[in-house]
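The data block below is entry.pdb; it holds PDB, C-alpha atoms.
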```pdb
ATOM      1  CA  MET A   1      -6.557 -20.941  -3.097
ATOM      2  CA  ALA A   2      -3.802 -19.527  -5.304
ATOM      3  CA  ILE A   3      -0.792 -21.054  -7.016
ATOM      4  CA  THR A   4       2.780 -19.913  -7.662
ATOM      5  CA  LEU A   5       5.511 -21.972  -9.363
ATOM      6  CA  ASP A   6       9.262 -22.106  -8.741
ATOM      7  CA  PRO A   7      11.213 -21.406 -11.961
ATOM      8  CA  THR A   8      14.426 -22.863 -10.474
ATOM      9  CA  SER A   9      12.715 -26.281 -10.424
ATOM     10  CA  GLY A  10      11.642 -26.021 -14.044
ATOM     11  CA  ASN A  11       8.180 -25.105 -12.699
ATOM     12  CA  LYS A  12       7.781 -28.635 -11.346
ATOM     13  CA  ARG A  13       7.468 -27.385  -7.756
ATOM     14  CA  GLY A  14       5.544 -24.548  -6.233
ATOM     15  CA  ILE A  15       3.246 -23.337  -3.483
ATOM     16  CA  VAL A  16      -0.519 -23.341  -3.196
ATOM     17  CA  ARG A  17      -2.866 -21.747  -0.687
ATOM     18  CA  CYS A  18      -5.199 -24.343   0.822
ATOM     19  CA  ILE A  19      -8.399 -23.408   2.642
ATOM     20  CA  THR A  20      -8.597 -25.364   5.912
ATOM     21  CA  SER A  21     -11.962 -24.016   7.097
ATOM     22  CA  ARG A  22     -14.615 -21.514   6.082
ATOM     23  CA  GLU A  23     -17.143 -19.515   8.077
ATOM     24  CA  GLY A  24     -19.848 -17.984   5.888
ATOM     25  CA  ASN A  25     -20.428 -17.788   2.152
ATOM     26  CA  VAL A  26     -17.942 -16.528  -0.491
ATOM     27  CA  GLU A  27     -20.786 -14.596  -2.126
ATOM     28  CA  ILE A  28     -21.578 -12.584   1.023
ATOM     29  CA  ALA A  29     -19.300 -10.096   2.795
ATOM     30  CA  GLY A  30     -18.018 -11.210   6.174
ATOM     31  CA  TYR A  31     -16.988 -14.769   5.397
ATOM     32  CA  VAL A  32     -13.721 -15.941   6.954
ATOM     33  CA  ASP A  33     -11.325 -18.451   5.402
ATOM     34  CA  ARG A  34      -8.517 -20.031   7.375
ATOM     35  CA  SER A  35      -5.670 -21.277   5.251
ATOM     36  CA  GLU A  36      -2.196 -22.780   5.009
ATOM     37  CA  LEU A  37       0.516 -22.747   2.360
ATOM     38  CA  HIS A  38       1.421 -26.170   0.991
ATOM     39  CA  LEU A  39       4.029 -27.423  -1.456
ATOM     40  CA  ILE A  40       2.927 -28.766  -4.835
ATOM     41  CA  THR A  41       4.729 -30.940  -7.391
ATOM     42  CA  GLY A  42       3.917 -31.860 -10.975
ATOM     43  CA  ASP A  43       5.472 -33.399 -14.072
ATOM     44  CA  THR A  44       3.366 -31.220 -16.382
ATOM     45  CA  LEU A  45       2.059 -27.665 -16.192
ATOM     46  CA  GLU A  46      -1.535 -28.907 -16.181
ATOM     47  CA  SER A  47      -1.446 -31.262 -13.191
ATOM     48  CA  PHE A  48      -0.028 -30.805  -9.695
ATOM     49  CA  LYS A  49      -0.269 -32.764  -6.472
ATOM     50  CA  ILE A  50      -0.609 -31.065  -3.112
ATOM     51  CA  GLY A  51       2.057 -32.094  -0.623
ATOM     52  CA  GLY A  52       2.920 -31.171   2.933
ATOM     53  CA  ARG A  53       2.684 -27.777   4.562
ATOM     54  CA  LEU A  54       5.371 -25.273   3.570
ATOM     55  CA  LYS A  55       7.922 -25.045   6.370
ATOM     56  CA  ILE A  56       9.368 -21.590   7.050
ATOM     57  CA  LYS A  57      11.978 -20.996   9.726
ATOM     58  CA  ASN A  58      11.098 -18.199  12.195
ATOM     59  CA  GLU A  59       7.434 -18.215  11.114
ATOM     60  CA  GLU A  60       6.083 -18.670  14.630
ATOM     61  CA  GLU A  61       8.301 -15.944  16.070
ATOM     62  CA  ILE A  62       7.464 -13.375  13.369
ATOM     63  CA  ILE A  63       3.723 -14.050  13.490
ATOM     64  CA  LYS A  64       3.763 -13.701  17.277
ATOM     65  CA  LYS A  65       5.397 -10.258  16.966
ATOM     66  CA  LEU A  66       2.709  -9.162  14.504
ATOM     67  CA  THR A  67      -0.308 -10.478  16.445
ATOM     68  CA  PRO A  68      -1.446  -8.278  19.355
ATOM     69  CA  SER A  69      -3.088  -9.890  22.357
ATOM     70  CA  GLY A  70      -6.655 -10.954  21.598
ATOM     71  CA  CYS A  71      -6.184 -10.779  17.815
ATOM     72  CA  ASP A  72      -6.450 -13.778  15.514
ATOM     73  CA  PHE A  73      -3.945 -14.830  12.832
ATOM     74  CA  ILE A  74      -5.959 -16.802  10.249
ATOM     75  CA  GLY A  75      -3.143 -18.269   8.154
ATOM     76  CA  LEU A  76      -0.806 -17.350   5.308
ATOM     77  CA  GLU A  77      -2.378 -16.577   1.926
ATOM     78  CA  ASP A  78      -1.648 -15.508  -1.665
ATOM     79  CA  PRO A  79       1.909 -16.799  -2.275
ATOM     80  CA  ASP A  80       4.231 -15.330  -4.918
ATOM     81  CA  ILE A  81       7.735 -16.528  -5.830
ATOM     82  CA  TRP A  82      10.457 -14.242  -7.210
ATOM     83  CA  VAL A  83      14.045 -15.342  -7.895
ATOM     84  CA  ASP A  84      16.966 -12.910  -7.646
ATOM     85  CA  GLU A  85      19.096 -13.597 -10.736
ATOM     86  CA  LYS A  86      22.191 -12.043  -9.124
ATOM     87  CA  SER A  87      22.197 -14.055  -5.896
ATOM     88  CA  SER A  88      20.044 -17.012  -7.064
ATOM     89  CA  LEU A  89      18.106 -16.643  -3.807
ATOM     90  CA  LEU A  90      14.419 -17.468  -3.867
ATOM     91  CA  HIS A  91      12.047 -14.924  -2.320
ATOM     92  CA  VAL A  92       8.501 -15.828  -1.328
ATOM     93  CA  TYR A  93       5.843 -13.201  -0.592
ATOM     94  CA  PHE A  94       2.472 -13.872   1.039
ATOM     95  CA  THR A  95      -0.423 -12.203   2.808
ATOM     96  CA  ILE A  96      -0.413 -12.181   6.617
ATOM     97  CA  PRO A  97      -4.026 -11.449   7.714
ATOM     98  CA  ILE A  98      -4.727 -10.735  11.384
ATOM     99  CA  LYS A  99      -8.310 -10.283  12.585
ATOM    100  CA  PRO A 100      -8.900  -7.726  15.333
ATOM    101  CA  ALA A 101     -10.060  -8.745  18.779
ATOM    102  CA  GLU A 102     -13.726  -9.642  19.159
ATOM    103  CA  GLY A 103     -15.827  -6.476  19.457
ATOM    104  CA  SER A 104     -13.053  -4.189  18.230
ATOM    105  CA  LYS A 105     -13.841  -1.481  15.677
ATOM    106  CA  GLU A 106     -10.419  -1.829  14.067
ATOM    107  CA  LYS A 107     -10.035  -3.239  10.561
ATOM    108  CA  ILE A 108      -8.318  -6.518   9.791
ATOM    109  CA  LYS A 109      -4.537  -6.073   9.551
ATOM    110  CA  ILE A 110      -3.084  -7.200   6.217
ATOM    111  CA  HIS A 111       0.709  -7.329   5.905
ATOM    112  CA  LEU A 112       2.824  -8.372   2.900
ATOM    113  CA  GLY A 113       5.025 -11.077   4.380
ATOM    114  CA  HIS A 114       8.381 -12.301   3.094
ATOM    115  CA  ALA A 115      10.681 -15.298   3.333
ATOM    116  CA  VAL A 116      13.982 -16.056   1.593
ATOM    117  CA  GLY A 117      16.184 -19.078   1.002
ATOM    118  CA  LYS A 118      18.217 -21.005  -1.547
ATOM    119  CA  ASP A 119      15.130 -23.112  -2.345
ATOM    120  CA  LEU A 120      11.635 -23.937  -1.087
ATOM    121  CA  ASP A 121      13.082 -26.258   1.561
ATOM    122  CA  SER A 122      15.304 -23.651   3.234
ATOM    123  CA  LEU A 123      13.059 -20.601   3.607
ATOM    124  CA  GLU A 124      13.392 -18.241   6.543
ATOM    125  CA  MET A 125      10.760 -15.623   7.352
ATOM    126  CA  THR A 126      11.727 -11.983   7.839
ATOM    127  CA  MET A 127       9.573  -9.111   9.036
ATOM    128  CA  PRO A 128       7.054  -8.076   6.351
ATOM    129  CA  VAL A 129       8.292  -5.938   3.479
ATOM    130  CA  LEU A 130       5.121  -3.854   3.957
ATOM    131  CA  GLN A 131       3.167  -3.612   7.200
ATOM    132  CA  ASP A 132      -0.428  -2.510   7.576
ATOM    133  CA  ASN A 133      -0.384   1.027   8.977
ATOM    134  CA  ALA A 134      -4.180   1.478   9.360
ATOM    135  CA  ILE A 135      -4.175   3.649   6.202
ATOM    136  CA  ASN A 136      -2.481   1.249   3.788
ATOM    137  CA  SER A 137      -2.478  -2.526   3.652
ATOM    138  CA  ALA A 138      -0.640  -4.862   1.271
ATOM    139  CA  LYS A 139      -1.331  -8.160  -0.493
ATOM    140  CA  GLU A 140      -1.291  -9.762  -3.973
ATOM    141  CA  LEU A 141       2.141  -8.645  -5.161
ATOM    142  CA  SER A 142       2.916  -7.923  -8.818
ATOM    143  CA  VAL A 143       6.695  -7.585  -9.339
ATOM    144  CA  ALA A 144       7.638  -4.876 -11.845
ATOM    145  CA  PRO A 145      10.937  -4.620 -13.771
ATOM    146  CA  VAL A 146      13.657  -2.309 -12.448
ATOM    147  CA  ASN A 147      13.277   1.159 -13.976
ATOM    148  CA  ARG A 148      16.026   3.411 -15.325
ATOM    149  CA  LYS A 149      16.530   5.002 -11.913
ATOM    150  CA  GLY A 150      17.382   1.625 -10.384
ATOM    151  CA  PHE A 151      14.282   0.887  -8.315
ATOM    152  CA  ARG A 152      10.960  -0.883  -8.796
ATOM    153  CA  TYR A 153       7.425   0.421  -8.806
ATOM    154  CA  ASN A 154       5.879  -2.887  -7.756
ATOM    155  CA  LEU A 155       2.105  -3.162  -7.528
ATOM    156  CA  ILE A 156      -0.019  -4.376  -4.614
ATOM    157  CA  GLU A 157      -3.647  -4.565  -3.608
ATOM    158  CA  SER A 158      -4.376  -2.078  -0.823
ATOM    159  CA  ARG A 159      -7.408  -0.567   0.859
ATOM    160  CA  ASP A 160      -9.351   2.544  -0.025
ATOM    161  CA  ARG A 161      -8.101   5.439   2.107
ATOM    162  CA  ALA A 162     -11.582   6.899   2.726
ATOM    163  CA  PRO A 163     -12.841   6.743   6.359
ATOM    164  CA  GLN A 164     -15.639   4.376   5.289
ATOM    165  CA  ALA A 165     -13.508   2.306   2.929
ATOM    166  CA  LYS A 166     -15.458  -0.029   0.669
ATOM    167  CA  TYR A 167     -13.029  -0.555  -2.204
ATOM    168  CA  SER A 168      -9.842  -2.495  -2.835
ATOM    169  CA  VAL A 169      -7.378  -0.417  -4.856
ATOM    170  CA  VAL A 170      -4.131  -0.954  -6.758
ATOM    171  CA  GLU A 171      -1.208   0.863  -5.185
ATOM    172  CA  VAL A 172       2.497   1.248  -5.941
ATOM    173  CA  ALA A 173       5.096  -0.267  -3.609
ATOM    174  CA  ILE A 174       8.552   1.285  -4.049
ATOM    175  CA  THR A 175      11.729  -0.700  -3.418
ATOM    176  CA  THR A 176      15.414  -1.029  -4.249
ATOM    177  CA  ASP A 177      15.750  -4.151  -2.079
ATOM    178  CA  MET A 178      13.318  -7.004  -2.684
ATOM    179  CA  GLY A 179      14.062  -8.424   0.760
ATOM    180  CA  GLY A 180      14.114  -5.150   2.700
ATOM    181  CA  VAL A 181      11.522  -2.652   3.856
ATOM    182  CA  TRP A 182       9.451  -1.146   1.045
ATOM    183  CA  LYS A 183       7.537   2.142   0.836
ATOM    184  CA  TYR A 184       3.900   2.702  -0.017
ATOM    185  CA  GLY A 185       3.410   4.867  -3.099
ATOM    186  CA  ASP A 186       0.471   6.310  -5.004
ATOM    187  CA  VAL A 187      -2.869   4.655  -5.629
ATOM    188  CA  VAL A 188      -2.767   4.029  -9.386
ATOM    189  CA  PHE A 189      -6.196   2.464  -9.882
ATOM    190  CA  HIS A 190      -9.316   3.174  -7.814
ATOM    191  CA  PRO A 191     -12.523   1.345  -8.875
ATOM    192  CA  GLY A 192     -14.723   4.063  -7.407
ATOM    193  CA  GLU A 193     -13.162   6.690  -9.676
ATOM    194  CA  LYS A 194     -12.781   4.854 -12.996
ATOM    195  CA  LYS A 195     -16.412   3.708 -13.449
ATOM    196  CA  ILE A 196     -15.652   0.450 -15.264
ATOM    197  CA  PRO A 197     -18.566  -1.843 -14.308
ATOM    198  CA  TRP A 198     -16.738  -5.194 -14.252
ATOM    199  CA  ILE A 199     -14.095  -3.737 -11.896
ATOM    200  CA  GLY A 200     -16.324  -1.271 -10.070
ATOM    201  CA  GLY A 201     -15.800  -2.556  -6.528
ATOM    202  CA  HIS A 202     -12.439  -4.192  -5.986
ATOM    203  CA  ALA A 203      -9.175  -4.255  -7.941
ATOM    204  CA  SER A 204      -6.072  -6.390  -7.490
ATOM    205  CA  PRO A 205      -2.934  -6.618  -9.664
ATOM    206  CA  GLY A 206      -2.115  -9.930 -11.325
ATOM    207  CA  PRO A 207       1.017 -11.147 -13.083
ATOM    208  CA  LEU A 208       2.818  -8.977 -15.636
ATOM    209  CA  PHE A 209       3.673 -10.650 -18.945
ATOM    210  CA  PRO A 210       7.379 -10.821 -19.876
ATOM    211  CA  LYS A 211       8.472  -8.909 -22.984
ATOM    212  CA  SER A 212       9.404 -12.209 -24.618
ATOM    213  CA  PHE A 213       5.672 -12.996 -24.599
ATOM    214  CA  ILE A 214       4.310  -9.580 -25.535
ATOM    215  CA  ASP A 215       6.339  -6.406 -26.092
ATOM    216  CA  ILE A 216       4.623  -3.016 -26.361
ATOM    217  CA  GLY A 217       7.689  -0.799 -26.114
ATOM    218  CA  GLU A 218      10.269   0.570 -23.728
ATOM    219  CA  GLY A 219       9.202   1.096 -20.128
ATOM    220  CA  LYS A 220       5.775  -0.464 -20.505
ATOM    221  CA  THR A 221       4.301  -3.902 -19.996
ATOM    222  CA  VAL A 222       0.977  -5.714 -20.281
ATOM    223  CA  GLY A 223      -0.485  -7.712 -17.430
ATOM    224  CA  VAL A 224      -3.684  -9.070 -15.984
ATOM    225  CA  ILE A 225      -5.737  -7.303 -13.365
ATOM    226  CA  ASN A 226      -8.341  -8.962 -11.173
ATOM    227  CA  GLY A 227     -11.530  -7.010 -10.720
ATOM    228  CA  ARG A 228     -14.828  -7.355  -8.915
ATOM    229  CA  GLU A 229     -18.151  -5.702  -9.623
ATOM    230  CA  ALA A 230     -19.441  -3.259  -7.021
ATOM    231  CA  ASN A 231     -21.045  -4.676  -3.884
ATOM    232  CA  LYS A 232     -24.833  -4.785  -3.592
ATOM    233  CA  LYS A 233     -27.002  -4.619  -0.476
ATOM    234  CA  LEU A 234     -29.717  -7.145   0.269
ATOM    235  CA  GLY A 235     -31.337  -6.244   3.556
ATOM    236  CA  ASP A 236     -28.576  -6.194   6.141
ATOM    237  CA  LYS A 237     -26.253  -8.267   3.955
ATOM    238  CA  ILE A 238     -23.619  -7.082   1.470
ATOM    239  CA  LEU A 239     -23.462  -9.248  -1.652
ATOM    240  CA  TYR A 240     -20.229  -9.496  -3.616
ATOM    241  CA  GLY A 241     -20.297  -9.089  -7.387
ATOM    242  CA  MET A 242     -18.482 -11.290  -9.886
ATOM    243  CA  PHE A 243     -14.671 -11.336  -9.749
ATOM    244  CA  SER A 244     -13.129 -11.578 -13.245
ATOM    245  CA  VAL A 245      -9.753 -11.278 -14.965
ATOM    246  CA  GLY A 246      -8.973  -8.331 -17.243
ATOM    247  CA  LEU A 247      -5.992  -6.743 -18.978
ATOM    248  CA  PHE A 248      -4.012  -3.595 -18.218
ATOM    249  CA  ILE A 249      -1.042  -1.626 -19.506
ATOM    250  CA  TYR A 250       1.509  -0.542 -16.918
ATOM    251  CA  ASP A 251       4.204   2.134 -17.249
ATOM    252  CA  TYR A 252       6.802   0.784 -14.806
ATOM    253  CA  GLU A 253       9.139   3.740 -15.404
ATOM    254  CA  LYS A 254       6.595   6.203 -13.999
ATOM    255  CA  GLY A 255       4.545   3.845 -11.835
ATOM    256  CA  LYS A 256       1.319   4.605 -13.735
ATOM    257  CA  ILE A 257      -1.463   2.453 -15.138
ATOM    258  CA  ASP A 258      -2.199   3.722 -18.652
ATOM    259  CA  TRP A 259      -5.223   1.573 -19.470
ATOM    260  CA  VAL A 260      -7.572  -1.062 -18.056
ATOM    261  CA  SER A 261      -9.730  -3.181 -20.349
ATOM    262  CA  PRO A 262     -13.392  -2.094 -20.521
ATOM    263  CA  GLU A 263     -14.467  -5.761 -20.426
ATOM    264  CA  PRO A 264     -13.054  -8.812 -18.632
ATOM    265  CA  PHE A 265     -10.604 -11.105 -20.384
ATOM    266  CA  ILE A 266     -11.518 -14.327 -18.526
ATOM    267  CA  GLN A 267     -14.573 -15.284 -16.481
ATOM    268  CA  ASP A 268     -14.623 -18.973 -15.622
ATOM    269  CA  SER A 269     -17.753 -20.884 -16.648
ATOM    270  CA  SER A 270     -17.782 -22.692 -13.282
ATOM    271  CA  ALA A 271     -17.376 -19.585 -11.135
ATOM    272  CA  LYS A 272     -20.182 -18.513  -8.832
ATOM    273  CA  THR A 273     -18.378 -15.331  -7.891
ATOM    274  CA  ILE A 274     -14.563 -15.556  -8.275
ATOM    275  CA  THR A 275     -12.094 -16.004 -11.132
ATOM    276  CA  PHE A 276      -8.731 -14.722  -9.874
ATOM    277  CA  ALA A 277      -5.431 -14.982 -11.805
ATOM    278  CA  SER A 278      -2.230 -15.560  -9.830
ATOM    279  CA  GLN A 279       0.553 -16.935 -12.078
ATOM    280  CA  PHE A 280       1.686 -16.854 -15.714
ATOM    281  CA  ILE A 281       4.146 -19.288 -17.320
ATOM    282  CA  GLU A 282       5.433 -18.731 -20.863
ATOM    283  CA  THR A 283       5.446 -22.055 -22.736
ATOM    284  CA  GLY A 284       6.505 -21.065 -26.272
ATOM    285  CA  LYS A 285       6.622 -18.233 -28.765
ATOM    286  CA  GLY A 286       3.438 -16.254 -28.233
ATOM    287  CA  GLU A 287       1.906 -18.875 -25.925
ATOM    288  CA  GLY A 288       1.588 -19.383 -22.208
ATOM    289  CA  ILE A 289      -0.500 -20.676 -19.329
ATOM    290  CA  LEU A 290      -2.386 -18.412 -16.958
ATOM    291  CA  TYR A 291      -3.423 -19.958 -13.639
ATOM    292  CA  ALA A 292      -6.488 -18.689 -11.805
ATOM    293  CA  HIS A 293      -8.350 -19.906  -8.758
ATOM    294  CA  VAL A 294     -12.110 -20.309  -8.995
ATOM    295  CA  ASP A 295     -14.288 -19.476  -5.963
ATOM    296  CA  ASP A 296     -11.284 -20.154  -3.683
ATOM    297  CA  SER A 297     -11.983 -23.801  -4.466
ATOM    298  CA  PHE A 298      -9.707 -25.039  -7.263
ATOM    299  CA  VAL A 299      -7.076 -23.764  -9.709
ATOM    300  CA  ARG A 300      -7.660 -23.677 -13.479
ATOM    301  CA  ALA A 301      -4.941 -23.511 -16.158
ATOM    302  CA  TYR A 302      -5.840 -21.437 -19.236
ATOM    303  CA  THR A 303      -3.815 -21.475 -22.454
ATOM    304  CA  ILE A 304      -3.500 -17.930 -23.783
ATOM    305  CA  ASN A 305      -2.063 -16.397 -26.951
ATOM    306  CA  SER A 306      -0.163 -13.107 -27.233
ATOM    307  CA  ASP A 307      -1.768 -12.233 -30.597
ATOM    308  CA  ASP A 308      -5.238 -12.447 -29.047
ATOM    309  CA  ILE A 309      -4.131 -10.215 -26.195
ATOM    310  CA  LYS A 310      -2.486  -7.681 -28.486
ATOM    311  CA  SER A 311      -5.640  -7.434 -30.609
ATOM    312  CA  SER A 312      -7.549  -6.441 -27.437
ATOM    313  CA  LEU A 313      -5.231  -3.523 -26.637
ATOM    314  CA  PRO A 314      -5.883   0.056 -27.789
ATOM    315  CA  LYS A 315      -3.827   0.736 -30.932
ATOM    316  CA  SER A 316      -2.942   4.196 -29.697
ATOM    317  CA  LEU A 317      -0.969   2.715 -26.778
ATOM    318  CA  VAL A 318       0.924  -0.145 -28.447
TER
END
```
Would you mind writing the file's structure down as structure tokens?
Amino acid sequence: MAITLDPTSGNKRGIVRCITSREGNVEIAGYVDRSELHLITGDTLESFKIGGRLKIKNEEEIIKKLTPSGCDFIGLEDPDIWVDEKSSLLHVYFTIPIKPAEGSKEKIKIHLGHAVGKDLDSLEMTMPVLQDNAINSAKELSVAPVNRKGFRYNLIESRDRAPQAKYSVVEVAITTDMGGVWKYGDVVFHPGEKKIPWIGGHASPGPLFPKSFIDIGEGKTVGVINGREANKKLGDKILYGMFSVGLFIYDYEKGKIDWVSPEPFIQDSSAKTITFASQFIETGKGEGILYAHVDDSFVRAYTINSDDIKSSLPKSLV
């Protein structure tokens, strides 16, 4: 379950991922969630009601093209909303996960899907901006500012490129057209190489803070990164570690992560295994709300302060 809000509605409307069924346990590798995207509405930033399923024109046709015979599409996930200030069009990005056929040795296909429209009621799905190519996959978009050369080094969660992949990594996605076909770039954070215990197994980019909230200089921004401890084995089972929220500094001119916090920033007191940030809304000077889903079960709103964040950053980089 993850939340994203529509700024054109004054953040009173948005999209949420709803789990419709679960096979297995979120603490053990191999569980399968089936999900749908639903609309949400709220009069305040702390309370939203879940409405009907998000309707997207061409969804059935696009999903059919992406799902080979015998494979299983398990529902849209991980929504993100981005509004083009020039055209006023609303772009929605989401994960399209497709399980391989029963008995197949192939990995699950994970595409970064896309839809566009004038509002949430007029969305039309296009082909994914990034398709799984068996080496790279794409989900959990973090939209970066345009750099001086006129393109974006966006960030995505992708898979480890090793033959026996066991990590999730942060990778660059290069684009000049937010609704077109993007290119995979470099892996900019690999948990297996950095040796930071709280993010030693899986890494996923979260929202970047606007400069009006926290400004650390030209070409760089601060954001949150979601990280999971390394997996552990218990007999024939693989146990997931705790998923927490940390901070990072991103150089969007070069497409490089300069720093990741040595300790997590948020770990929800109710979480058994997952605290995962998905949306930030600035509410005032130096204040904002960070939304995170807990154990794929509910969404929590945290009030955060830019001074507290800045005090956690290395002085040599800000």
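Atom to atom, atom CA of Met178 of chain A and atom CA of Val143 of chain A stand 9.4 Å apart.
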A straight line from atom CA of Leu123 of chain A to atom CA of Lys57 of chain A spans 6.2 Å
Which one of A:Gly14, A:Gly150, A:Pro262, A:Gly42 sits closest to Pro197 of chain A if you count all atoms listed in the file?
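Using all atoms listed in the file, the shortest distance to Pro197 of chain A belongs to A:Pro262.
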Using all atoms listed in the file, which residue out of A:Ala29, A:Leu45, A:Ala203, A:Ile214 lies closest to Val170 of chain A?
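Among the listed residues, A:Ala203 lies closest to Val170 of chain A.
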Computed interatomic separation between atom CA of Cys18 of chain A and atom CA of His38 of chain A (Å)
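Between these atoms lies a distance of 6.9 Å.
This file, filtered with the PyMOL selection byres ((chain A and resi 99-112) around 7), gives the residues Gly70, Cys71, Asp72, Phe73, Tyr93, Phe94, Thr95, Ile96, Pro97, Ile98, Gly113, His114, Pro128, Val129, Leu130, Gln131, Asp132, Ser137, Ala138 and Lys139 of chain A.
Applied to the shown file, the PyMOL selection byres ((chain A and resi 208) around 8) selects the residues Ser142, Val143, Ala144, Gly206, Pro207, Phe209, Pro210, Thr221, Val222, Gly223, Val224 and Phe280 of chain A.
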Evaluated on this file, the PyMOL selection byres ((chain A and resi 6) around 9) picks out some residues - which ones are they, written as a ChimeraX atom specification?
/A:4-5,7-15,81-83,90,119-120
Report as a PyMOL selection string all protein, DNA and RNA residues lying within 8 Å of Val187 of chain A, evaluated on only C-alpha atoms, omitting residues in the same chain fewer than 3 positions from it.
chain A and resi 169-172+190
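You can rank A:Tyr167, A:Tyr252, A:Tyr31, A:Tyr302 by their closest distance to Gly192 of chain A using all atoms listed in the file, and at the top of that list sits A:Tyr167.
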Set the distance at 8 Å and use only C-alpha atoms: which residues neighbour Ile304 of chain A once local chain neighbours fewer than 5 positions away are removed? I'd like the list as a list of chain:residue names.
A:Glu287, A:Gly288, A:Ile289, A:Leu290
Dump as a compact mmCIF listing (two decimals), in the frame of the given file, selection limited to C-alpha atoms:
```txt
# COMPACT_ATOMS: atom_id res chain seq x y z
CA GLU A 287 1.91 -18.88 -25.92
CA GLY A 288 1.59 -19.38 -22.21
CA ILE A 289 -0.50 -20.68 -19.33
CA LEU A 290 -2.39 -18.41 -16.96
```
